[in-house]
$ cat model-v2.txt   # compact mmCIF, C-alpha atoms
# COMPACT_ATOMS: atom_id res chain seq x y z
CA MET A 1 15.65 -63.93 -74.86
CA LYS A 2 16.42 -67.30 -73.33
CA ALA A 3 14.93 -69.35 -70.52
CA ALA A 4 16.03 -72.65 -69.03
CA ASN A 5 15.48 -75.66 -71.28
CA ARG A 6 12.03 -77.22 -71.02
CA THR A 7 9.82 -79.41 -73.16
CA ILE A 8 7.01 -77.91 -75.26
CA GLN A 9 4.45 -79.91 -77.22
CA VAL A 10 4.14 -78.53 -80.75
CA GLU A 11 1.32 -79.51 -83.08
CA TYR A 12 1.43 -78.72 -86.80
CA PHE A 13 -1.36 -78.26 -89.31
CA ALA A 14 -1.62 -77.80 -93.05
CA HIS A 15 1.42 -76.16 -94.70
CA LEU A 16 3.57 -76.43 -91.59
CA ARG A 17 2.62 -80.08 -90.96
CA GLU A 18 3.72 -80.97 -94.47
CA ARG A 19 6.81 -78.82 -94.21
CA ARG A 20 7.82 -80.40 -90.91
CA GLY A 21 6.85 -83.89 -92.07
CA LEU A 22 4.92 -84.71 -88.89
CA ALA A 23 1.83 -83.62 -86.99
CA ARG A 24 3.26 -83.24 -83.50
CA GLU A 25 6.49 -83.38 -81.60
CA SER A 26 8.05 -82.58 -78.25
CA VAL A 27 10.59 -79.79 -78.54
CA VAL A 28 13.22 -79.06 -75.91
CA THR A 29 13.86 -75.35 -76.12
CA ALA A 30 15.30 -72.40 -74.24
CA ALA A 31 13.11 -69.95 -76.19
CA ALA A 32 11.43 -67.69 -73.66
CA THR A 33 8.34 -66.85 -75.71
CA ALA A 34 6.09 -68.27 -78.40
CA ALA A 35 7.80 -65.92 -80.85
CA GLY A 36 11.21 -67.28 -79.92
CA LEU A 37 10.03 -70.85 -80.41
CA PHE A 38 8.60 -70.01 -83.83
CA GLU A 39 11.82 -68.39 -84.97
CA GLU A 40 13.84 -71.34 -83.71
CA LEU A 41 11.67 -73.92 -85.48
CA ALA A 42 11.26 -71.81 -88.62
CA ALA A 43 15.04 -71.66 -88.97
CA ARG A 44 15.51 -75.36 -88.22
CA HIS A 45 12.80 -76.58 -90.61
CA GLU A 46 12.73 -73.76 -93.18
CA PHE A 47 9.06 -72.88 -92.71
CA ARG A 48 9.17 -70.24 -95.48
CA ILE A 49 6.45 -68.09 -93.94
CA GLU A 50 7.08 -64.88 -92.03
CA ARG A 51 5.92 -64.68 -88.47
CA ALA A 52 3.95 -61.54 -89.40
CA ARG A 53 1.54 -63.77 -91.35
CA VAL A 54 1.18 -66.33 -88.57
CA ARG A 55 -0.56 -66.27 -85.20
CA VAL A 56 -0.05 -68.61 -82.27
CA ALA A 57 -2.24 -70.65 -79.94
CA VAL A 58 -0.98 -71.86 -76.57
CA ASN A 59 -3.08 -74.47 -74.78
CA ASP A 60 -5.91 -74.04 -77.30
CA ALA A 61 -6.23 -70.24 -76.98
CA VAL A 62 -4.90 -67.58 -79.36
CA VAL A 63 -2.33 -65.50 -77.49
CA PRO A 64 0.16 -62.70 -78.25
CA TRP A 65 3.53 -63.74 -79.62
CA GLU A 66 5.23 -62.33 -76.52
CA THR A 67 3.52 -64.90 -74.31
CA PRO A 68 6.10 -66.69 -72.12
CA LEU A 69 6.19 -70.47 -72.49
CA ALA A 70 6.15 -72.99 -69.65
CA GLY A 71 7.11 -76.65 -69.69
CA GLY A 72 4.27 -78.81 -70.98
CA ASP A 73 2.60 -76.01 -72.94
CA ARG A 74 0.90 -77.06 -76.17
CA VAL A 75 1.71 -74.72 -79.04
CA VAL A 76 0.09 -74.46 -82.48
CA PHE A 77 1.23 -72.01 -85.14
CA LEU A 78 -1.74 -70.63 -87.09
CA THR A 79 -0.93 -69.92 -90.71
CA PRO A 80 -3.61 -68.08 -92.74
CA PHE A 81 -6.91 -69.94 -92.69
CA GLY A 82 -8.87 -71.17 -95.71
CA GLY A 83 -12.22 -72.25 -94.28
CA GLY A 84 -15.64 -71.24 -95.53
CA MET B 85 -35.39 -75.74 -81.62
CA GLU B 86 -34.79 -73.43 -78.69
CA GLY B 87 -32.14 -70.75 -78.82
CA ARG B 88 -28.91 -72.63 -78.40
CA GLU B 89 -25.96 -71.66 -80.53
CA GLN B 90 -24.19 -74.57 -82.16
CA PHE B 91 -21.00 -74.73 -84.15
CA THR B 92 -20.18 -78.21 -85.38
CA LEU B 93 -17.72 -79.95 -87.68
CA ASN B 94 -18.96 -82.54 -90.12
CA ARG B 95 -16.87 -85.23 -91.79
CA GLY B 96 -19.76 -86.36 -93.95
CA THR B 97 -22.04 -84.56 -96.38
CA ILE B 98 -23.86 -81.47 -95.09
CA ASP B 99 -27.61 -81.87 -95.62
CA SER B 100 -28.73 -78.24 -95.91
CA ALA B 101 -32.40 -79.08 -96.40
CA ALA B 102 -32.49 -81.18 -93.25
CA LEU B 103 -30.66 -78.50 -91.27
CA SER B 104 -33.12 -75.82 -92.41
CA ALA B 105 -36.12 -78.04 -91.74
CA SER B 106 -35.00 -78.83 -88.21
CA PHE B 107 -34.25 -75.20 -87.40
CA ALA B 108 -37.70 -74.04 -86.37
CA SER B 109 -39.25 -71.87 -83.73
CA ALA B 110 -42.82 -70.61 -83.36
CA SER B 111 -41.49 -67.08 -82.77
CA ALA B 112 -39.19 -67.08 -85.83
CA GLY B 113 -40.55 -65.00 -88.67
CA ALA B 114 -37.33 -65.37 -90.62
CA LEU B 115 -34.77 -68.05 -91.39
CA VAL B 116 -31.72 -66.90 -93.35
CA THR B 117 -29.22 -69.50 -94.47
CA PHE B 118 -25.90 -69.34 -96.27
CA GLU B 119 -24.36 -72.26 -98.04
CA GLY B 120 -20.72 -72.11 -99.12
CA ARG B 121 -19.93 -74.54 -101.94
CA VAL B 122 -16.79 -75.86 -103.54
CA ARG B 123 -16.32 -74.13 -106.87
CA ASN B 124 -14.33 -75.35 -109.82
CA LEU B 125 -12.12 -72.30 -110.22
CA ASN B 126 -9.85 -70.39 -107.85
CA GLU B 127 -7.50 -67.64 -108.97
CA GLY B 128 -7.63 -68.86 -112.52
CA ARG B 129 -6.87 -72.50 -111.76
CA GLU B 130 -9.26 -75.37 -112.32
CA VAL B 131 -10.04 -77.07 -109.02
CA VAL B 132 -11.17 -80.72 -108.98
CA SER B 133 -11.42 -81.29 -105.23
CA LEU B 134 -10.24 -79.93 -101.93
CA GLU B 135 -9.40 -80.96 -98.43
CA TYR B 136 -10.20 -79.11 -95.20
CA GLU B 137 -7.97 -79.68 -92.19
CA VAL B 138 -9.04 -78.47 -88.75
CA TYR B 139 -7.50 -77.63 -85.41
CA GLU B 140 -10.52 -79.02 -83.68
CA ALA B 141 -10.26 -77.74 -80.10
CA LEU B 142 -9.75 -74.13 -81.16
CA ALA B 143 -12.21 -74.36 -84.05
CA LEU B 144 -15.02 -75.49 -81.77
CA SER B 145 -14.37 -72.82 -79.16
CA GLU B 146 -13.86 -70.02 -81.68
CA GLY B 147 -16.87 -71.07 -83.76
CA ALA B 148 -19.05 -71.10 -80.65
CA ARG B 149 -17.75 -67.66 -79.73
CA VAL B 150 -18.69 -66.28 -83.15
CA LEU B 151 -22.24 -67.58 -82.77
CA GLU B 152 -22.51 -66.12 -79.28
CA GLU B 153 -21.30 -62.77 -80.62
CA ALA B 154 -23.94 -62.88 -83.36
CA HIS B 155 -26.54 -63.49 -80.69
CA GLY B 156 -25.24 -60.55 -78.67
CA ARG B 157 -25.04 -58.13 -81.60
CA PHE B 158 -28.32 -58.85 -83.35
CA PRO B 159 -31.83 -59.64 -82.09
CA VAL B 160 -31.85 -63.26 -83.24
CA LEU B 161 -33.39 -66.35 -81.71
CA ALA B 162 -30.60 -68.75 -82.62
CA ALA B 163 -27.63 -69.19 -84.92
CA ARG B 164 -25.94 -72.34 -86.13
CA CYS B 165 -22.98 -73.18 -88.31
CA VAL B 166 -21.78 -76.50 -89.69
CA HIS B 167 -18.38 -76.72 -91.40
CA ARG B 168 -17.29 -79.66 -93.49
CA ILE B 169 -13.91 -81.32 -92.85
CA GLY B 170 -11.97 -83.73 -95.04
CA ARG B 171 -12.05 -84.30 -98.81
CA LEU B 172 -14.74 -82.54 -100.89
CA GLU B 173 -15.61 -82.56 -104.56
CA VAL B 174 -16.72 -79.58 -106.66
CA GLY B 175 -20.32 -78.64 -105.90
CA GLU B 176 -20.39 -80.04 -102.37
CA VAL B 177 -21.43 -77.88 -99.42
CA ALA B 178 -18.39 -76.67 -97.49
CA VAL B 179 -20.15 -74.63 -94.84
CA TRP B 180 -23.73 -73.96 -93.77
CA VAL B 181 -24.93 -71.04 -91.65
CA GLY B 182 -28.48 -70.64 -90.41
CA VAL B 183 -30.02 -67.89 -88.33
CA ILE B 184 -33.58 -67.60 -87.09
CA ALA B 185 -35.02 -64.32 -85.86
CA ALA B 186 -38.35 -62.64 -85.42
CA HIS B 187 -37.56 -60.36 -88.37
CA ARG B 188 -35.50 -60.60 -91.53
CA ASP B 189 -33.12 -57.66 -91.00
CA ALA B 190 -31.51 -59.25 -87.96
CA ALA B 191 -31.43 -62.68 -89.60
CA PHE B 192 -29.63 -61.38 -92.71
CA ALA B 193 -27.15 -59.30 -90.70
CA ALA B 194 -26.34 -62.07 -88.25
CA CYS B 195 -25.91 -64.65 -91.02
CA ARG B 196 -23.45 -62.36 -92.80
CA TYR B 197 -21.59 -61.72 -89.56
CA VAL B 198 -21.26 -65.43 -88.82
CA ILE B 199 -19.88 -66.48 -92.20
CA ASP B 200 -17.42 -63.57 -92.34
CA GLU B 201 -16.11 -64.19 -88.82
CA VAL B 202 -15.95 -67.96 -89.27
CA LYS B 203 -13.83 -67.54 -92.40
CA ALA B 204 -11.47 -65.14 -90.66
CA ARG B 205 -11.18 -66.73 -87.23
CA VAL B 206 -11.89 -70.45 -87.22
CA PRO B 207 -8.70 -72.49 -87.72
CA ILE B 208 -9.57 -74.50 -90.81
CA TRP B 209 -7.13 -74.86 -93.68
CA LYS B 210 -7.89 -75.68 -97.30
CA LYS B 211 -5.79 -77.66 -99.73
CA GLU B 212 -6.89 -77.42 -103.33
CA TYR B 213 -6.25 -80.17 -105.87
CA TYR B 214 -5.99 -78.85 -109.40
CA ALA B 215 -6.89 -80.35 -112.76
CA ALA B 216 -3.27 -79.91 -113.81
CA GLY B 217 -2.26 -82.41 -111.13
CA GLU B 218 -0.64 -80.32 -108.42
CA ALA B 219 -2.09 -79.22 -105.09
CA GLY B 220 -1.59 -76.37 -102.68
CA TRP B 221 -2.66 -74.89 -99.37
CA VAL B 222 -4.70 -71.75 -99.82
CA GLY B 223 -4.27 -68.89 -97.40
CA GLU B 224 -7.16 -66.69 -98.37
CA ARG B 225 -6.90 -64.43 -95.39
CA PRO B 226 -3.47 -62.92 -94.86
CA GLU B 227 -3.32 -61.64 -91.30
CA PRO B 228 -3.09 -57.92 -90.71
$ encode --input "model-v2.txt" --output "structure tokens"
Amino acid sequence: MKAANRTIQVEYFAHLRERRGLARESVVTAAATAAGLFEELAARHEFRIERARVRVAVNDAVVPWETPLAGGDRVVFLTPFGGG
Amino acid sequence: MEGREQFTLNRGTIDSAALSASFASASAGALVTFEGRVRNLNEGREVVSLEYEVYEALALSEGARVLEEAHGRFPVLAARCVHRIGRLEVGEVAVWVGVIAAHRDAAFAACRYVIDEVKARVPIWKKEYYAAGEAGWVGERPEP
């Protein structure tokens, strides 16, 4: 599913930060949903983790993968945690 | 200390004794604390140190939510949690949970609830550095 191109702010942590080689970037994308953006970036940067093992936060709240994205949204992909 | 829930992140050493000592209430008959420490072995590999990385905005809101839930589920006076961030050596305190309640049953149950939920829900990642020289991110909690 595609939308018009807009700019999303993506922040990376831990495995994905190292994989991507940076902590944040602006991504111009036509992906309609958070899931679409993940798949696009996972393919581009070879994330090597399935989306089934990842959750997503948009604007600092955990949301379903089907959440539509709007220009200016801040997205963080949440790989399995290791705290505690 | 009056019943305010607090979840905080600490870049320096966690002083468990000071946290316990400051966590007092005249109506608290019980204080239960949990201290998670860095151990020297994980899945058969010798660990020399580790590093916690945090998504701070979500960690603070989710950690606070866990403590509020503990307050709602159990008859406790207050619950607190402090999680360490950054580089830690073996033996250091990684996380501290404290709960005060009138009675011990609620304090034990709430303390257990807080540490389990914090581990599962608060966005903190751990990189282990091994004696053999390599390092790796540890995903202890595969998502359902």
$ closest_residue --input "model-v2.txt" --among "B:Ala141, B:Leu161, B:Arg95, B:Ala193" --to "Asn59 (chain A)" --atoms "all atoms listed in the file"
B:Ala141
$ closest_residue --input "model-v2.txt" --among "B:Val131, B:Ile184, B:Val177, B:Ala154" --to "Ser104 (chain B)" --atoms "all atoms listed in the file"
B:Ile184
$ interface_residues --input "model-v2.txt" --of "chain B" --to "chain A" --cutoff "8 Å" --atoms "only C-alpha atoms" --output "number ranges by chain"
B: 120, 136-139, 141-142, 167, 178-179, 199, 202-211, 221-228
$ write_last_selection --input "model-v2.txt" --atoms "C-alpha atoms" --output "CSV table (one decimal), in the coordinates of the input"
chain,number,residue,atom,x,y,z
B,120,GLY,CA,-20.7,-72.1,-99.1
B,136,TYR,CA,-10.2,-79.1,-95.2
B,137,GLU,CA,-8.0,-79.7,-92.2
B,138,VAL,CA,-9.0,-78.5,-88.8
B,139,TYR,CA,-7.5,-77.6,-85.4
B,141,ALA,CA,-10.3,-77.7,-80.1
B,142,LEU,CA,-9.8,-74.1,-81.2
B,167,HIS,CA,-18.4,-76.7,-91.4
B,178,ALA,CA,-18.4,-76.7,-97.5
B,179,VAL,CA,-20.2,-74.6,-94.8
B,199,ILE,CA,-19.9,-66.5,-92.2
B,202,VAL,CA,-16.0,-68.0,-89.3
B,203,LYS,CA,-13.8,-67.5,-92.4
B,204,ALA,CA,-11.5,-65.1,-90.7
B,205,ARG,CA,-11.2,-66.7,-87.2
B,206,VAL,CA,-11.9,-70.4,-87.2
B,207,PRO,CA,-8.7,-72.5,-87.7
B,208,ILE,CA,-9.6,-74.5,-90.8
B,209,TRP,CA,-7.1,-74.9,-93.7
B,210,LYS,CA,-7.9,-75.7,-97.3
B,211,LYS,CA,-5.8,-77.7,-99.7
B,221,TRP,CA,-2.7,-74.9,-99.4
B,222,VAL,CA,-4.7,-71.8,-99.8
B,223,GLY,CA,-4.3,-68.9,-97.4
B,224,GLU,CA,-7.2,-66.7,-98.4
B,225,ARG,CA,-6.9,-64.4,-95.4
B,226,PRO,CA,-3.5,-62.9,-94.9
B,227,GLU,CA,-3.3,-61.6,-91.3
B,228,PRO,CA,-3.1,-57.9,-90.7
$ atom_distance --input "model-v2.txt" --atom1 "CA of Ala163 (chain B)" --atom2 "CA of Arg123 (chain B)"
25.2 Å
$ closest_residue --input "model-v2.txt" --among "B:Ser145, B:Glu127, B:Leu115, B:Val174" --to "Phe192 (chain B)" --atoms "all atoms listed in the file"
B:Leu115
$ residues_around --input "model-v2.txt" --residues "Asn94 (chain B)" --least-positions-apart "6" --cutoff "9 Å" --atoms "only C-alpha atoms" --output "PyMOL selection string"
chain B and resi 166-170
